[in-house]
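A.B. asks: Shown below is the structure under consideration.
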Amino acid sequence: MRHQKTGRHLGRTSSHRVALRRNLAKALFTHGRIITTVTKAKEIRPFVERLITLARKAFGRKGTDRPAYVHYYREILSQLQDKALTQKLVGEGQWREKGCIAERFLNRNGGYTRIMRLGGSRLGILTGSKIGQIPVLNYKMEGQERKVRLVGHRLGDNAPLALFELVEGAGEVVKEAPKPEAKKAETSTTSRQEEKKG
């Protein structure tokens with residue numbers, strides 16, 4: 001029994017798993033989304049989210065607390081071992097003006113990634129589509145329209161694919177303006193009261 005044993009082996013040695021996790025995280029930060037197996041996506045999700053949290057902490061201390069900023073920067077660099085992607089996370093170098101990943105998620109506490117299943121024998125036919133047609137998922141990411149074809153395998157497969165991507169927005173709360181109907185209702189009640197008095 002595997003009591004108190006965390007993580008998945010993925011049929012690899014420990015050093016191979018570390019390299020796989022690092023390479024998948026690099027690909028995700030570079031492209032914004034990757035297509036991999038569901039098991040691998042679930043395994044690297046905590047690693048990626050931890051790196052984004054460290055980047056948010058570093059970005060918050062950029063101008064005020066330089067030693068803490070350098071500490072978080074070095075933590076990310078030691079995990080990713082890629083200077084360009086570390087700069088993209090915290091907003092250094094060419095990403096100083098363009099905007100970085102940490103700035104994108106400043107107002108979001110966790111949940112920076114999304115896993116969407118693409119294949120497998122349990123994938124049903126989407127509403128409105130016919131048998132024989134391949135369903136297509138349309139969505140927006142980074143201001144661009146994207147499409148993904150959802151292919152279900154009738155015989156099943158041992159490693160169903162998943163789309164693993166960074167969430168689009170920062171989850172900002174939009175404040176609604178007061179409705180004009182409410183103002184009309186207030187004026188109508190005041191005019192009624194004046195009529196009763198007069």
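By convention in this document, the chains of the structure tokens carry letters A, B, ... by their order, each chain's residues are numbered from 1, and ligands are numbered from 1 in the order they are shown.
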For Leu20 in chain A, please output as an NGL selection string all residues within 12 Å (counting only C-alpha atoms; exclusion window: fewer than 4 positions along the same chain).
C.D. replies: :A and (9-16 or 24-27 or 36 or 40-41 or 43-44 or 47 or 80)
A.B. asks: Could you write out that same residue set with C-alpha atoms as a PDB file, in the first residue's frame?
C.D. replies:
```pdb
ATOM      1  CA  HIS A   9       4.911   8.039 -10.667  1.00  0.00           C
ATOM      2  CA  LEU A  10       3.910   8.469 -14.341  1.00  0.00           C
ATOM      3  CA  GLY A  11       6.117   5.480 -15.195  1.00  0.00           C
ATOM      4  CA  ARG A  12       9.301   7.547 -14.756  1.00  0.00           C
ATOM      5  CA  THR A  13      12.220   7.861 -12.385  1.00  0.00           C
ATOM      6  CA  SER A  14      12.250  10.768  -9.951  1.00  0.00           C
ATOM      7  CA  SER A  15      14.731  12.834 -11.986  1.00  0.00           C
ATOM      8  CA  HIS A  16      12.689  12.226 -15.146  1.00  0.00           C
ATOM      9  CA  LEU A  24       5.534  21.151 -19.174  1.00  0.00           C
ATOM     10  CA  ALA A  25       5.478  24.271 -16.975  1.00  0.00           C
ATOM     11  CA  LYS A  26       7.854  26.044 -19.377  1.00  0.00           C
ATOM     12  CA  ALA A  27       5.644  25.133 -22.338  1.00  0.00           C
ATOM     13  CA  THR A  36      -1.249  16.819 -22.635  1.00  0.00           C
ATOM     14  CA  LYS A  40       0.145  14.876 -16.333  1.00  0.00           C
ATOM     15  CA  ALA A  41      -1.987  18.042 -16.208  1.00  0.00           C
ATOM     16  CA  GLU A  43       0.270  16.393 -11.571  1.00  0.00           C
ATOM     17  CA  ILE A  44       1.845  19.687 -12.693  1.00  0.00           C
ATOM     18  CA  PHE A  47       3.595  23.254  -9.319  1.00  0.00           C
ATOM     19  CA  LEU A  80      12.104  26.740 -13.669  1.00  0.00           C
TER      20      LEU A  80
END
```
A.B. asks: Which value, in Å to one decimal, gives the distance between CA of Ala55 in chain A and CA of Asn107 in chain A?
C.D. replies: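 CA of Asn107 in chain A lies at a distance of 13.0 Å from CA of Ala55 in chain A.
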A.B. asks: Between A:Met116, A:Val38, A:Leu166, A:Val136, which one has atoms that come closest to Ile101 in chain A, using only C-alpha atoms?
C.D. replies: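 When distances to Ile101 in chain A are compared using only C-alpha atoms, the smallest one comes from A:Leu166.
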A.B. asks: Figure out the distance between CA of Arg117 in chain A and CA of Glu168 in chain A, please, to one decimal in Å.
C.D. replies: 17.5 Å
A.B. asks: Hey, what's within 7 Å of Lys147 in chain A if we count only C-alpha atoms and toss same-chain stuff fewer than 5 positions away? As a PyMOL selection string, please?
C.D. replies: chain A and resi 136-139
A.B. asks: Skipping near chain neighbours, those fewer than 4 positions away, what residues fall within 8 Å of Lys57 in chain A using only C-alpha atoms, listed as a ChimeraX atom specification?
C.D. replies: /A:53,61,69,72
A.B. asks: Could you make a table, as JSON lines, of the residues of range 9-125 of chain A that have an atom within 12 Å of an atom of range 142-146 of chain A, each with its nearest atom pair and distance in Å to one decimal, counting only C-alpha atoms, in chain and number order?
C.D. replies:
```
{"residue": "A:His31", "atom": "CA", "partner": "A:Glu142", "partner_atom": "CA", "distance": 10.6}
{"residue": "A:Gly32", "atom": "CA", "partner": "A:Glu142", "partner_atom": "CA", "distance": 8.6}
{"residue": "A:Arg33", "atom": "CA", "partner": "A:Glu142", "partner_atom": "CA", "distance": 10.9}
{"residue": "A:Ile101", "atom": "CA", "partner": "A:Glu142", "partner_atom": "CA", "distance": 11.6}
{"residue": "A:Arg104", "atom": "CA", "partner": "A:Glu142", "partner_atom": "CA", "distance": 10.8}
```
A.B. asks: Which residues are near Glu103 in chain A? Cut-off 10 Å, only C-alpha atoms, ignore same chain within fewer than 3 positions. Put them as a list in words.
C.D. replies: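 The neighbour list is Ile52, Ala55, Arg56, Phe59, Gly60, Leu89, Val90, Gly91, Gly99, Cys100, Leu106, Asn107 and Ala170 of chain A.
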A.B. asks: I'd like to know which of A:Phe29, A:Lys5, A:Leu118, A:Glu165 is closest to Ala102 in chain A, using only C-alpha atoms.
C.D. replies: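 For Ala102 in chain A, the nearest of the candidates is A:Phe29.
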